[in-house]
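Engineer: Dropping in my_file-v2.txt, with compact mmCIF, C-alpha atoms and all ligand atoms.
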# COMPACT_ATOMS: atom_id res chain seq x y z
CA MET A 1 -55.31 -30.12 49.38
CA GLY A 2 -58.64 -31.77 50.17
CA GLY A 3 -59.05 -35.35 51.40
CA GLN A 4 -59.15 -38.41 49.23
CA GLN A 5 -61.73 -38.39 46.45
CA ASP A 6 -63.72 -41.54 45.79
CA TRP A 7 -66.41 -42.42 43.28
CA ILE A 8 -69.49 -44.51 43.81
CA VAL A 9 -70.30 -45.61 40.27
CA SER A 10 -73.73 -47.02 39.45
CA PRO A 11 -74.54 -49.40 36.63
CA GLY A 12 -75.88 -47.51 33.62
CA THR A 13 -77.80 -48.06 30.43
CA ALA A 14 -76.72 -49.00 26.91
CA LEU A 15 -73.99 -46.64 25.68
CA ARG A 16 -75.08 -44.54 22.74
CA GLY A 17 -73.96 -41.58 20.70
CA GLU A 18 -70.59 -40.04 19.99
CA ALA A 19 -67.63 -39.17 22.14
CA GLY A 20 -64.66 -36.87 21.59
CA ILE A 21 -61.63 -38.28 23.39
CA PRO A 22 -58.91 -35.88 24.68
CA GLY A 23 -55.47 -35.60 23.10
CA ASP A 24 -52.77 -38.24 23.36
CA LYS A 25 -50.66 -38.02 26.50
CA SER A 26 -47.44 -39.40 25.01
CA VAL A 27 -47.64 -37.09 22.00
CA SER A 28 -48.59 -34.05 24.11
CA HIS A 29 -45.57 -34.45 26.42
CA ARG A 30 -43.23 -34.70 23.45
CA ALA A 31 -44.89 -31.85 21.55
CA VAL A 32 -44.23 -29.45 24.44
CA MET A 33 -40.66 -30.63 24.96
CA PHE A 34 -39.55 -30.67 21.35
CA ALA A 35 -41.31 -27.43 20.42
CA ALA A 36 -39.58 -25.80 23.39
CA LEU A 37 -36.20 -26.97 22.07
CA ALA A 38 -36.88 -25.89 18.49
CA ASP A 39 -35.77 -22.69 16.78
CA GLY A 40 -38.92 -20.63 16.20
CA VAL A 41 -42.58 -20.71 17.12
CA SER A 42 -44.65 -23.92 17.03
CA ARG A 43 -48.36 -24.38 17.47
CA ILE A 44 -49.81 -27.47 19.13
CA ASP A 45 -53.43 -28.44 18.44
CA GLY A 46 -55.26 -31.13 20.40
CA PHE A 47 -52.94 -30.77 23.42
CA LEU A 48 -54.07 -32.87 26.38
CA GLU A 49 -55.11 -30.50 29.18
CA GLY A 50 -54.29 -33.16 31.77
CA GLU A 51 -52.26 -32.73 34.94
CA ASP A 52 -49.31 -34.75 33.60
CA THR A 53 -48.87 -32.78 30.42
CA ARG A 54 -49.54 -29.44 32.08
CA ALA A 55 -46.81 -30.32 34.58
CA THR A 56 -44.40 -30.78 31.68
CA ALA A 57 -45.39 -27.44 30.18
CA GLY A 58 -44.97 -25.84 33.62
CA ILE A 59 -41.45 -27.24 33.85
CA PHE A 60 -40.50 -25.69 30.51
CA SER A 61 -41.86 -22.35 31.71
CA GLN A 62 -39.47 -22.68 34.66
CA LEU A 63 -36.72 -23.40 32.13
CA GLY A 64 -37.45 -20.09 30.40
CA VAL A 65 -39.81 -21.12 27.59
CA ARG A 66 -42.81 -18.90 26.84
CA PHE A 67 -46.22 -20.47 26.10
CA GLU A 68 -49.47 -18.95 24.94
CA THR A 69 -52.82 -20.69 25.36
CA PRO A 70 -55.12 -19.19 22.71
CA SER A 71 -57.80 -21.74 23.65
CA PRO A 72 -57.98 -24.92 25.73
CA SER A 73 -56.09 -27.73 23.99
CA GLN A 74 -53.92 -25.27 22.04
CA ARG A 75 -50.46 -24.03 22.84
CA ILE A 76 -48.19 -21.62 21.02
CA VAL A 77 -44.64 -22.48 22.04
CA HIS A 78 -41.84 -19.94 21.67
CA GLY A 79 -38.92 -22.32 21.18
CA VAL A 80 -35.58 -21.31 22.62
CA GLY A 81 -33.35 -23.68 20.63
CA VAL A 82 -31.41 -26.68 21.92
CA ASP A 83 -28.98 -24.38 23.76
CA GLY A 84 -31.52 -21.85 25.04
CA LEU A 85 -32.94 -23.37 28.24
CA ARG A 86 -32.29 -21.39 31.45
CA ALA A 87 -31.44 -22.72 34.91
CA PRO A 88 -34.66 -23.03 36.95
CA GLN A 89 -35.11 -21.44 40.38
CA GLY A 90 -36.14 -24.61 42.19
CA PRO A 91 -37.00 -28.31 41.81
CA LEU A 92 -39.00 -29.35 38.75
CA ASP A 93 -42.22 -31.19 39.66
CA CYS A 94 -43.25 -33.88 37.17
CA GLY A 95 -46.39 -34.72 39.18
CA ASN A 96 -47.56 -38.25 38.35
CA ALA A 97 -45.78 -38.47 35.00
CA GLY A 98 -43.17 -41.16 34.40
CA THR A 99 -42.92 -40.00 30.79
CA GLY A 100 -42.19 -36.45 31.91
CA MET A 101 -39.51 -37.47 34.38
CA ARG A 102 -37.72 -40.03 32.23
CA LEU A 103 -37.59 -37.91 29.08
CA LEU A 104 -36.53 -34.86 31.07
CA ALA A 105 -33.70 -36.85 32.67
CA GLY A 106 -32.32 -37.43 29.16
CA LEU A 107 -32.64 -33.79 28.22
CA LEU A 108 -31.49 -32.18 31.44
CA CYS A 109 -28.36 -34.30 31.93
CA ALA A 110 -27.03 -32.51 28.85
CA GLN A 111 -27.65 -28.93 30.03
CA PRO A 112 -25.06 -26.46 31.37
CA PHE A 113 -26.90 -26.19 34.75
CA ASP A 114 -28.04 -28.46 37.59
CA THR A 115 -31.63 -29.57 38.09
CA VAL A 116 -33.71 -31.63 40.52
CA LEU A 117 -36.70 -33.66 39.30
CA VAL A 118 -39.39 -34.54 41.83
CA GLY A 119 -42.77 -36.27 41.56
CA ASP A 120 -45.88 -37.22 43.50
CA ALA A 121 -46.13 -40.23 45.85
CA SER A 122 -46.73 -42.72 43.01
CA LEU A 123 -43.94 -41.39 40.78
CA SER A 124 -41.59 -41.31 43.77
CA ARG A 125 -41.88 -45.11 43.97
CA ARG A 126 -41.13 -45.77 40.28
CA PRO A 127 -37.83 -47.15 39.00
CA MET A 128 -35.44 -44.62 37.47
CA ARG A 129 -32.32 -46.81 37.20
CA ARG A 130 -33.51 -47.78 33.77
CA VAL A 131 -32.70 -44.22 32.63
CA ILE A 132 -29.89 -43.43 35.08
CA ASP A 133 -27.75 -46.41 34.00
CA PRO A 134 -27.72 -45.81 30.24
CA LEU A 135 -27.45 -42.02 30.61
CA SER A 136 -24.50 -42.50 33.00
CA ARG A 137 -22.79 -44.62 30.35
CA MET A 138 -23.05 -41.60 28.06
CA GLY A 139 -21.32 -39.47 30.71
CA ALA A 140 -24.32 -38.07 32.61
CA SER A 141 -24.21 -37.42 36.34
CA ILE A 142 -27.54 -38.31 38.01
CA GLU A 143 -28.18 -39.19 41.65
CA SER A 144 -31.38 -40.76 42.88
CA ALA A 145 -32.89 -41.61 46.24
CA PRO A 146 -32.04 -45.12 47.53
CA GLY A 147 -33.35 -47.89 45.28
CA GLY A 148 -33.04 -45.77 42.15
CA MET A 149 -36.19 -43.76 42.98
CA PRO A 150 -36.92 -40.05 42.50
CA PRO A 151 -36.00 -37.34 43.28
CA LEU A 152 -33.31 -37.18 40.61
CA ARG A 153 -30.43 -34.75 41.17
CA ILE A 154 -28.91 -34.02 37.80
CA GLN A 155 -25.56 -32.34 37.53
CA GLY A 156 -25.13 -30.36 34.33
CA ARG A 157 -21.96 -29.38 32.45
CA GLN A 158 -21.11 -32.97 31.48
CA MET A 159 -19.63 -33.95 28.12
CA LEU A 160 -21.87 -36.68 26.75
CA ARG A 161 -20.71 -39.38 24.36
CA GLY A 162 -22.96 -41.19 21.89
CA MET A 163 -23.31 -44.95 22.30
CA ASP A 164 -24.83 -48.05 20.78
CA TYR A 165 -27.21 -49.41 23.40
CA THR A 166 -29.62 -52.32 23.59
CA LEU A 167 -32.47 -51.75 26.07
CA GLU A 168 -33.01 -54.39 28.75
CA VAL A 169 -36.77 -53.76 28.96
CA ALA A 170 -38.87 -52.56 26.06
CA SER A 171 -39.50 -48.94 27.08
CA ALA A 172 -40.32 -45.98 24.87
CA GLN A 173 -39.50 -43.66 27.75
CA VAL A 174 -35.99 -45.02 28.19
CA LYS A 175 -35.40 -45.05 24.43
CA SER A 176 -36.55 -41.44 24.24
CA ALA A 177 -34.34 -40.32 27.14
CA ILE A 178 -31.29 -41.80 25.43
CA LEU A 179 -32.17 -40.20 22.09
CA LEU A 180 -32.63 -36.79 23.72
CA ALA A 181 -29.24 -37.08 25.44
CA GLY A 182 -27.88 -38.28 22.09
CA LEU A 183 -28.91 -34.99 20.49
CA TYR A 184 -26.36 -33.28 22.75
CA ALA A 185 -23.71 -36.02 22.67
CA ARG A 186 -20.53 -36.27 20.66
CA GLY A 187 -20.89 -38.79 17.84
CA GLU A 188 -23.66 -41.21 17.06
CA THR A 189 -26.31 -42.70 19.36
CA VAL A 190 -28.04 -45.97 18.47
CA VAL A 191 -30.87 -47.54 20.50
CA ARG A 192 -32.02 -51.11 19.94
CA GLU A 193 -35.12 -52.59 21.64
CA PRO A 194 -36.03 -56.16 22.55
CA HIS A 195 -39.59 -55.43 21.30
CA PRO A 196 -40.53 -52.35 19.29
CA THR A 197 -42.19 -49.61 21.39
CA ARG A 198 -44.07 -46.45 20.45
CA ASP A 199 -41.98 -44.31 18.11
CA TYR A 200 -43.42 -40.83 18.71
CA THR A 201 -40.04 -39.40 19.68
CA GLU A 202 -38.48 -40.59 16.45
CA ARG A 203 -41.40 -39.40 14.30
CA MET A 204 -41.64 -36.02 15.94
CA LEU A 205 -37.91 -35.31 15.93
CA SER A 206 -37.95 -36.17 12.25
CA ALA A 207 -40.90 -33.80 11.67
CA LEU A 208 -38.87 -31.07 13.40
CA GLY A 209 -36.05 -31.53 10.92
CA VAL A 210 -33.74 -33.86 12.87
CA ASP A 211 -31.90 -36.38 10.74
CA ILE A 212 -32.89 -39.60 12.52
CA GLU A 213 -33.01 -43.09 11.06
CA PHE A 214 -35.57 -45.41 12.59
CA SER A 215 -37.47 -48.62 12.07
CA PRO A 216 -39.40 -50.81 14.54
CA GLY A 217 -37.00 -51.60 17.41
CA TYR A 218 -34.17 -49.38 16.12
CA ALA A 219 -33.23 -45.67 16.14
CA ARG A 220 -30.03 -43.81 15.27
CA LEU A 221 -29.07 -40.13 15.31
CA GLN A 222 -25.98 -37.90 15.34
CA GLY A 223 -25.39 -35.40 18.11
CA GLY A 224 -25.23 -31.67 17.52
CA GLN A 225 -28.41 -31.23 15.48
CA ARG A 226 -30.95 -28.44 15.80
CA LEU A 227 -34.75 -28.66 15.74
CA ARG A 228 -36.93 -26.51 13.45
CA ALA A 229 -40.29 -25.25 14.77
CA THR A 230 -43.34 -26.84 13.21
CA ASP A 231 -47.05 -27.16 13.93
CA ILE A 232 -48.08 -30.36 15.70
CA ALA A 233 -51.53 -31.96 15.60
CA VAL A 234 -52.12 -34.35 18.52
CA PRO A 235 -54.49 -37.27 17.82
CA ALA A 236 -57.07 -38.48 20.36
CA ASP A 237 -55.55 -40.84 22.91
CA PHE A 238 -56.19 -44.51 22.14
CA SER A 239 -55.49 -45.35 25.79
CA SER A 240 -58.36 -43.10 26.90
CA ALA A 241 -60.62 -44.46 24.16
CA ALA A 242 -59.89 -47.97 25.47
CA PHE A 243 -62.29 -47.59 28.43
CA PHE A 244 -65.17 -46.78 26.09
CA LEU A 245 -64.23 -49.60 23.71
CA VAL A 246 -64.53 -52.09 26.56
CA ALA A 247 -67.61 -50.48 28.12
CA ALA A 248 -69.59 -50.48 24.87
CA SER A 249 -68.46 -54.03 24.12
CA ILE A 250 -69.77 -55.41 27.41
CA VAL A 251 -72.96 -53.37 27.99
CA PRO A 252 -75.87 -54.91 26.03
CA GLY A 253 -77.48 -52.67 23.42
CA SER A 254 -74.51 -50.29 23.13
CA GLU A 255 -73.38 -48.55 19.96
CA LEU A 256 -70.83 -45.78 20.36
CA ARG A 257 -68.70 -43.74 17.97
CA LEU A 258 -65.32 -42.39 19.12
CA HIS A 259 -63.96 -39.61 16.91
CA ALA A 260 -60.56 -39.54 15.20
CA VAL A 261 -58.68 -41.84 17.58
CA GLY A 262 -54.92 -42.26 17.10
CA LEU A 263 -54.19 -45.74 15.73
CA ASN A 264 -50.40 -45.92 15.79
CA PRO A 265 -49.75 -49.68 15.49
CA ARG A 266 -47.51 -49.59 18.60
CA ARG A 267 -50.58 -48.54 20.61
CA THR A 268 -53.45 -50.64 19.31
CA GLY A 269 -52.75 -54.12 20.70
CA LEU A 270 -56.03 -53.87 22.61
CA LEU A 271 -57.95 -53.73 19.32
CA VAL A 272 -56.31 -57.00 18.28
CA ALA A 273 -57.07 -58.60 21.66
CA LEU A 274 -60.69 -57.39 21.85
CA ARG A 275 -61.43 -58.50 18.30
CA ALA A 276 -59.97 -61.93 19.09
CA MET A 277 -62.40 -62.01 22.05
CA GLY A 278 -65.32 -61.37 19.69
CA ALA A 279 -65.67 -57.57 19.95
CA ASP A 280 -67.42 -55.67 17.16
CA ILE A 281 -65.25 -52.61 16.50
CA THR A 282 -65.04 -51.02 13.07
CA GLU A 283 -62.81 -48.23 11.77
CA GLU A 284 -64.39 -45.48 9.67
CA ASN A 285 -63.15 -42.23 8.11
CA ARG A 286 -59.51 -43.29 8.16
CA SER A 287 -57.12 -40.38 7.71
CA GLU A 288 -53.82 -38.95 8.93
CA HIS A 289 -53.49 -36.47 11.76
CA GLY A 290 -50.03 -34.95 12.21
CA GLY A 291 -48.46 -37.93 10.46
CA GLU A 292 -50.35 -40.46 12.63
CA PRO A 293 -53.08 -42.81 11.37
CA VAL A 294 -56.46 -41.93 12.91
CA ALA A 295 -60.00 -43.25 12.43
CA ASP A 296 -63.42 -43.08 14.03
CA LEU A 297 -63.97 -46.25 16.03
CA VAL A 298 -67.52 -47.60 16.06
CA VAL A 299 -68.07 -50.15 18.79
CA ARG A 300 -71.20 -52.26 19.28
CA HIS A 301 -72.02 -54.64 22.09
CA ALA A 302 -70.95 -58.22 21.40
CA PRO A 303 -70.60 -61.30 23.58
CA LEU A 304 -66.91 -61.70 24.49
CA HIS A 305 -65.00 -64.91 25.16
CA GLY A 306 -61.67 -65.44 26.89
CA ILE A 307 -58.36 -65.71 24.99
CA GLU A 308 -54.68 -66.20 25.60
CA VAL A 309 -53.30 -62.73 24.93
CA PRO A 310 -50.41 -63.20 22.46
CA VAL A 311 -47.18 -62.24 24.24
CA GLU A 312 -45.93 -60.37 21.18
CA ILE A 313 -48.73 -57.78 21.39
CA VAL A 314 -48.17 -57.02 25.10
CA PRO A 315 -45.91 -53.96 24.48
CA ASP A 316 -48.52 -52.64 22.00
CA MET A 317 -51.19 -52.60 24.71
CA ILE A 318 -49.09 -52.00 27.81
CA ASP A 319 -51.33 -49.18 29.09
CA GLU A 320 -54.57 -51.02 28.24
CA PHE A 321 -54.38 -54.00 30.63
CA PRO A 322 -56.67 -52.45 33.25
CA ALA A 323 -59.35 -52.15 30.53
CA LEU A 324 -58.55 -55.61 29.14
CA PHE A 325 -58.93 -57.16 32.62
CA VAL A 326 -62.46 -55.77 32.82
CA ALA A 327 -63.28 -57.16 29.38
CA ALA A 328 -61.90 -60.53 30.54
CA ALA A 329 -63.99 -60.39 33.73
CA ALA A 330 -67.14 -59.84 31.67
CA ALA A 331 -66.23 -62.45 29.04
CA GLU A 332 -67.17 -66.10 28.96
CA GLY A 333 -64.28 -68.43 29.81
CA VAL A 334 -60.67 -67.83 30.75
CA THR A 335 -58.31 -65.06 29.62
CA VAL A 336 -54.61 -65.61 30.18
CA VAL A 337 -52.04 -62.79 30.28
CA ARG A 338 -48.29 -63.50 30.30
CA GLY A 339 -45.14 -61.51 29.67
CA ALA A 340 -46.55 -58.38 31.29
CA ALA A 341 -44.29 -57.94 34.37
CA GLU A 342 -43.84 -54.26 33.41
CA LEU A 343 -47.37 -53.72 34.73
CA ARG A 344 -45.92 -54.01 38.23
CA VAL A 345 -44.01 -50.71 37.85
CA LYS A 346 -46.66 -48.47 36.30
CA GLU A 347 -48.58 -45.77 38.24
CA SER A 348 -49.46 -48.66 40.58
CA ASP A 349 -48.70 -52.38 40.48
CA ARG A 350 -51.45 -52.92 37.93
CA LEU A 351 -51.42 -56.73 38.13
CA ALA A 352 -51.98 -56.51 41.88
CA SER A 353 -54.46 -53.59 41.78
CA MET A 354 -56.68 -55.16 39.11
CA SER A 355 -56.51 -58.70 40.51
CA ALA A 356 -57.41 -57.57 44.03
CA GLY A 357 -60.26 -55.33 42.90
CA LEU A 358 -61.80 -57.87 40.53
CA ARG A 359 -61.64 -60.54 43.24
CA THR A 360 -63.51 -58.18 45.56
CA LEU A 361 -66.19 -57.92 42.86
CA GLY A 362 -66.51 -61.72 42.75
CA ILE A 363 -64.24 -62.59 39.80
CA ASP A 364 -61.90 -65.56 40.03
CA VAL A 365 -58.39 -64.24 39.24
CA GLU A 366 -55.06 -66.05 39.63
CA GLU A 367 -52.26 -63.53 39.66
CA THR A 368 -48.85 -64.68 38.44
CA ALA A 369 -45.43 -62.97 38.45
CA ASP A 370 -45.91 -61.61 34.94
CA GLY A 371 -49.65 -61.79 34.31
CA ALA A 372 -52.90 -63.37 35.42
CA SER A 373 -55.60 -65.89 34.53
CA LEU A 374 -59.06 -64.40 34.72
CA HIS A 375 -62.23 -66.47 34.79
CA GLY A 376 -65.09 -64.44 33.37
CA GLY A 377 -68.23 -64.35 35.50
CA ASN A 378 -70.83 -62.15 37.14
CA ILE A 379 -69.41 -58.88 38.42
CA GLY A 380 -70.80 -57.94 41.82
CA ALA A 381 -71.12 -54.69 43.73
CA GLY A 382 -68.36 -53.77 46.16
CA SER A 383 -65.63 -51.42 47.20
CA VAL A 384 -62.27 -51.40 45.38
CA GLU A 385 -59.09 -49.31 45.50
CA SER A 386 -57.46 -47.56 42.56
CA HIS A 387 -54.18 -47.09 44.47
CA GLY A 388 -54.11 -43.56 43.09
CA ASP A 389 -53.80 -44.95 39.55
CA HIS A 390 -55.90 -43.16 36.93
CA ARG A 391 -56.33 -46.16 34.64
CA ILE A 392 -57.31 -48.50 37.50
CA ALA A 393 -59.98 -46.00 38.59
CA MET A 394 -61.44 -45.71 35.08
CA ALA A 395 -61.29 -49.49 34.55
CA PHE A 396 -63.39 -50.14 37.65
CA SER A 397 -65.92 -47.52 36.60
CA VAL A 398 -66.34 -49.60 33.43
CA ALA A 399 -66.73 -52.80 35.47
CA ALA A 400 -69.48 -51.02 37.43
CA GLN A 401 -71.53 -50.69 34.24
CA VAL A 402 -72.25 -54.42 34.24
CA ALA A 403 -72.08 -54.97 38.01
CA SER A 404 -75.06 -56.14 40.06
CA GLY A 405 -74.94 -52.86 42.03
CA PRO A 406 -72.82 -49.76 42.68
CA VAL A 407 -69.04 -50.00 42.88
CA ARG A 408 -67.12 -47.67 45.17
CA VAL A 409 -63.73 -46.79 43.64
CA GLY A 410 -61.26 -45.30 46.11
CA ASP A 411 -58.78 -42.49 45.37
CA VAL A 412 -59.77 -41.31 41.90
CA ALA A 413 -58.27 -37.80 41.80
CA ASN A 414 -55.49 -38.94 39.45
CA VAL A 415 -57.98 -39.54 36.64
CA ALA A 416 -57.29 -35.86 35.91
CA THR A 417 -53.69 -36.72 35.00
CA SER A 418 -54.74 -38.28 31.70
CA PHE A 419 -58.48 -37.78 31.22
CA PRO A 420 -59.96 -34.60 32.67
CA GLY A 421 -63.76 -34.70 32.36
CA TYR A 422 -63.86 -38.50 32.07
CA ASP A 423 -66.84 -38.97 34.38
CA ALA A 424 -68.90 -36.24 32.67
CA LEU A 425 -68.25 -37.76 29.24
CA ALA A 426 -69.00 -41.26 30.51
CA ARG A 427 -72.31 -40.07 32.00
CA ARG A 428 -73.27 -38.34 28.77
CA VAL A 429 -72.98 -41.55 26.73
CA GLY A 430 -74.93 -43.68 29.20
CA PHE A 431 -72.79 -44.63 32.21
CA GLY A 432 -74.62 -44.66 35.54
CA ALA A 433 -74.17 -41.93 38.15
CA PHE A 434 -70.73 -41.09 39.54
CA THR A 435 -71.30 -39.93 43.10
CA ARG A 436 -68.28 -38.31 44.71
CA SER A 437 -67.55 -39.06 48.32
C1 LIG B 1 -44.93 -43.99 27.30
C2 LIG B 1 -44.37 -45.23 27.21
C3 LIG B 1 -44.89 -46.41 27.93
C4 LIG B 1 -46.28 -46.16 28.53
C5 LIG B 1 -46.43 -44.82 29.14
C6 LIG B 1 -46.12 -43.72 28.14
C7 LIG B 1 -44.33 -42.89 26.54
O1 LIG B 1 -44.01 -46.74 28.96
O2 LIG B 1 -46.59 -47.17 29.47
O3 LIG B 1 -47.74 -44.65 29.63
O4 LIG B 1 -44.98 -41.85 26.35
O5 LIG B 1 -43.19 -43.06 26.07
P1 LIG B 1 -42.61 -47.47 28.65
O6 LIG B 1 -41.54 -46.46 28.69
O7 LIG B 1 -42.49 -48.46 29.75
O8 LIG B 1 -42.68 -48.07 27.27
Any chance you could give the structure as structure tokens?
Ligand code: S3P
Structural biologist:
Amino acid sequence: MGGQQDWIVSPGTALRGEAGIPGDKSVSHRAVMFAALADGVSRIDGFLEGEDTRATAGIFSQLGVRFETPSPSQRIVHGVGVDGLRAPQGPLDCGNAGTGMRLLAGLLCAQPFDTVLVGDASLSRRPMRRVIDPLSRMGASIESAPGGMPPLRIQGRQMLRGMDYTLEVASAQVKSAILLAGLYARGETVVREPHPTRDYTERMLSALGVDIEFSPGYARLQGGQRLRATDIAVPADFSSAAFFLVAASIVPGSELRLHAVGLNPRRTGLLVALRAMGADITEENRSEHGGEPVADLVVRHAPLHGIEVPVEIVPDMIDEFPALFVAAAAAEGVTVVRGAAELRVKESDRLASMSAGLRTLGIDVEETADGASLHGGNIGAGSVESHGDHRIAMAFSVAAQVASGPVRVGDVANVATSFPGYDALARRVGFGAFTRS
């Protein structure tokens, strides 16, 4: 392992041209997992070649699943069936991926062998009780490190029972873990959510032939079902597109087209927020990609103004707050965020990371327990920390585009977890230089 990687990002020019955004992280994780559990051979197109999703594929190789990679962003998955996974030789490393670890906890607690799930430094600080508690109610046996943190030691050979469960926090990962355990449980499993979250698990299980009933905030399935192999097309990741949507909105003279971006309504809260702030983003060539709505997004520079972000759209933009904070910093007036305490338990404490960094760059930010008030202003040069969080690193590279001088962003290696090649793509459409130090 080398030392820490930092970027020094220079302000650039107007953003122009077209950008292809890599595949969706949430969908790619699930595609690998569910194809591995299916009977037969599935093909995945548009797979995200990021560290998180490759870690998940690596774990299924350790569990005895064979993959072929005919070309980058494609996988052929030789499914082994719901009862075909093999005991691994050692611990399973989820890397930086909360999605990987939480969904795997649901799946592995139902297997006839023991497993240990480990993660990197950031993942090892993230809360796992939210999956351990409900899975234990179903009969799972999972031990964590003190405080409910990874590693997770999962004892197999448990008889799981279905249950009717209402989530305490809106979390697609927790919902998905329970549904995966529910596939192996006796009887029926019902999950209810306080706010609807992304429904990729439900959609994809259904596409693989599972009888699952779902509507926003609700999902129900019977245990004992099998999955049928199918081909899966992964749309471009809206969360990765978000950085370009904000960058082109705030850099004068910009006009950028992002190709075939996934527009699942549980993901696109940032579009609602940016448009309310005055952004000029249009959708062209609408179509469907693997059952998901997609469109080209054309974004042109527009003066932004502050808003109160409606609390009800917070879960629909939960991964986009680092980008939104930069838009707010560059906007005129005050932007208020509330109801977003979940940001404190992401890859870093995103309320703290963004507030501290923007203050360093001269922006007036009041951080609250569950949000922040941001006073738009002139963004200065300076040195900020990403806290090893991919989205914080990319957000500050966007802030640098309108800064008065270069911005040093510390600890950026984790950008590769979700967006390999981000800096090269950003440079190509007009961002300033990214110097590595
Ligand atoms: C994800 C769900 C979200 C999101 C994460 C990916 C998923 O987390 O923040 O990046 O793929 O299910 P929650 O489980 O907190 O909803």
Engineer: Within 12 Å of Ile76 of chain A, counting all atoms listed in the file, which residues qualify if same-chain residues fewer than 5 places away don't, as a PyMOL selection string?
Structural biologist: chain A and resi 31-32+35-36+40-47+57+65-71+229-232
Engineer: Using only C-alpha atoms and all ligand atoms, which residue out of A:Ala233, A:Met101, A:Val337, A:Ala273 lies closest to ligand LIG 1 (chain B)?
Structural biologist: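 Smallest distance to ligand LIG 1 (chain B) is found for A:Met101.
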Engineer: Counting all atoms listed in the file, which residues have an atom no more than 10 Å from (-26.1, -39.5, 32.3) in the file's coordinates? Please list them as an mmCIF file with C-alpha atoms, keeping the file's coordinate frame.
Structural biologist:
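Written out: out12.cif:
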data_model
loop_
_atom_site.group_PDB
_atom_site.id
_atom_site.type_symbol
_atom_site.label_atom_id
_atom_site.label_comp_id
_atom_site.auth_asym_id
_atom_site.auth_seq_id
_atom_site.Cartn_x
_atom_site.Cartn_y
_atom_site.Cartn_z
ATOM 1 C CA ALA A 105 -33.700 -36.850 32.670
ATOM 2 C CA GLY A 106 -32.320 -37.430 29.160
ATOM 3 C CA LEU A 107 -32.640 -33.790 28.220
ATOM 4 C CA LEU A 108 -31.490 -32.180 31.440
ATOM 5 C CA CYS A 109 -28.360 -34.300 31.930
ATOM 6 C CA ALA A 110 -27.030 -32.510 28.850
ATOM 7 C CA VAL A 131 -32.700 -44.220 32.630
ATOM 8 C CA ILE A 132 -29.890 -43.430 35.080
ATOM 9 C CA ASP A 133 -27.750 -46.410 34.000
ATOM 10 C CA PRO A 134 -27.720 -45.810 30.240
ATOM 11 C CA LEU A 135 -27.450 -42.020 30.610
ATOM 12 C CA SER A 136 -24.500 -42.500 33.000
ATOM 13 C CA ARG A 137 -22.790 -44.620 30.350
ATOM 14 C CA MET A 138 -23.050 -41.600 28.060
ATOM 15 C CA GLY A 139 -21.320 -39.470 30.710
ATOM 16 C CA ALA A 140 -24.320 -38.070 32.610
ATOM 17 C CA SER A 141 -24.210 -37.420 36.340
ATOM 18 C CA ILE A 142 -27.540 -38.310 38.010
ATOM 19 C CA GLU A 143 -28.180 -39.190 41.650
ATOM 20 C CA ILE A 154 -28.910 -34.020 37.800
ATOM 21 C CA GLN A 155 -25.560 -32.340 37.530
ATOM 22 C CA GLY A 156 -25.130 -30.360 34.330
ATOM 23 C CA GLN A 158 -21.110 -32.970 31.480
ATOM 24 C CA MET A 159 -19.630 -33.950 28.120
ATOM 25 C CA LEU A 160 -21.870 -36.680 26.750
ATOM 26 C CA ARG A 161 -20.710 -39.380 24.360
ATOM 27 C CA ALA A 177 -34.340 -40.320 27.140
ATOM 28 C CA ILE A 178 -31.290 -41.800 25.430
ATOM 29 C CA ALA A 181 -29.240 -37.080 25.440
#
Engineer: Let me make sure I understand: among A:Ala330, A:Met128, A:Gly291, A:Gly84, which one has the smallest atom-to-atom distance to Ala145 of chain A if we use all atoms listed in the file?
Structural biologist: A:Met128
Engineer: Of the candidates A:Glu202, A:Glu312, A:Glu366, A:Asp411, which one gets nearest to ligand LIG 1 (chain B) if we count all atoms listed in the file?
Structural biologist: A:Glu202
Engineer: Around all listed atoms of segment 147-163 of chain A, padded 8 Å per side, what centre and edge lengths does the axis-aligned box have in Å to one decimal, as lines of an AutoDock Vina configuration file?
Structural biologist:
center_x = -28.3
center_y = -38.6
center_z = 33.6
size_x = 33.3
size_y = 34.5
size_z = 39.4
Engineer: Any idea what the distance is between atom CA of Thr99 of chain A and atom CA of Val309 of chain A?
Structural biologist: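 Result for atom CA of Thr99 of chain A versus atom CA of Val309 of chain A: 25.7 Å, one decimal.
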Engineer: Rounded to one decimal in Å, what is the spacing between atom CA of Ser383 of chain A and atom CA of Lys346 of chain A?
Structural biologist: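 Here the two named atoms are 22.1 Å from each other.
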Engineer: Compile the contact shell of Gln173 of chain A as a PyMOL selection string: residues with an atom at most 7 Å away, counting only C-alpha atoms, same-chain residues fewer than 2 positions apart removed.
Structural biologist: chain A and resi 99+102-103+171+175-177
Engineer: My list of candidates is A:Leu117, A:Val314, A:Ala14, A:Val298. Which is closest to ligand LIG 1 (chain B) when distances are computed with only C-alpha atoms and all ligand atoms?
Structural biologist: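 So, comparing all the options, the nearest one is A:Val314.
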Engineer: To one decimal place in Å, what is the distance between atom CA of Phe113 of chain A and atom CA of Arg157 of chain A?
Structural biologist: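 So the answer is 6.3 Å.
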Engineer: Name all residues at most 12 Å from Pro216 of chain A (count all atoms listed in the file; drop same-chain ones fewer than 2 positions away) and give them as a ChimeraX atom specification.
Structural biologist: /A:170,172,191-200,202-203,213-214,218-220,265-266,316
Engineer: Applying 7 Å and only C-alpha atoms, which residues near Gln5 of chain A remain after dropping the ones on its own chain fewer than 3 positions away? List them as a list in words.
Structural biologist: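 Close residues of Gln5 of chain A: Gly410, Asp411, Val412, Ala413, Arg436 and Ser437 of chain A.
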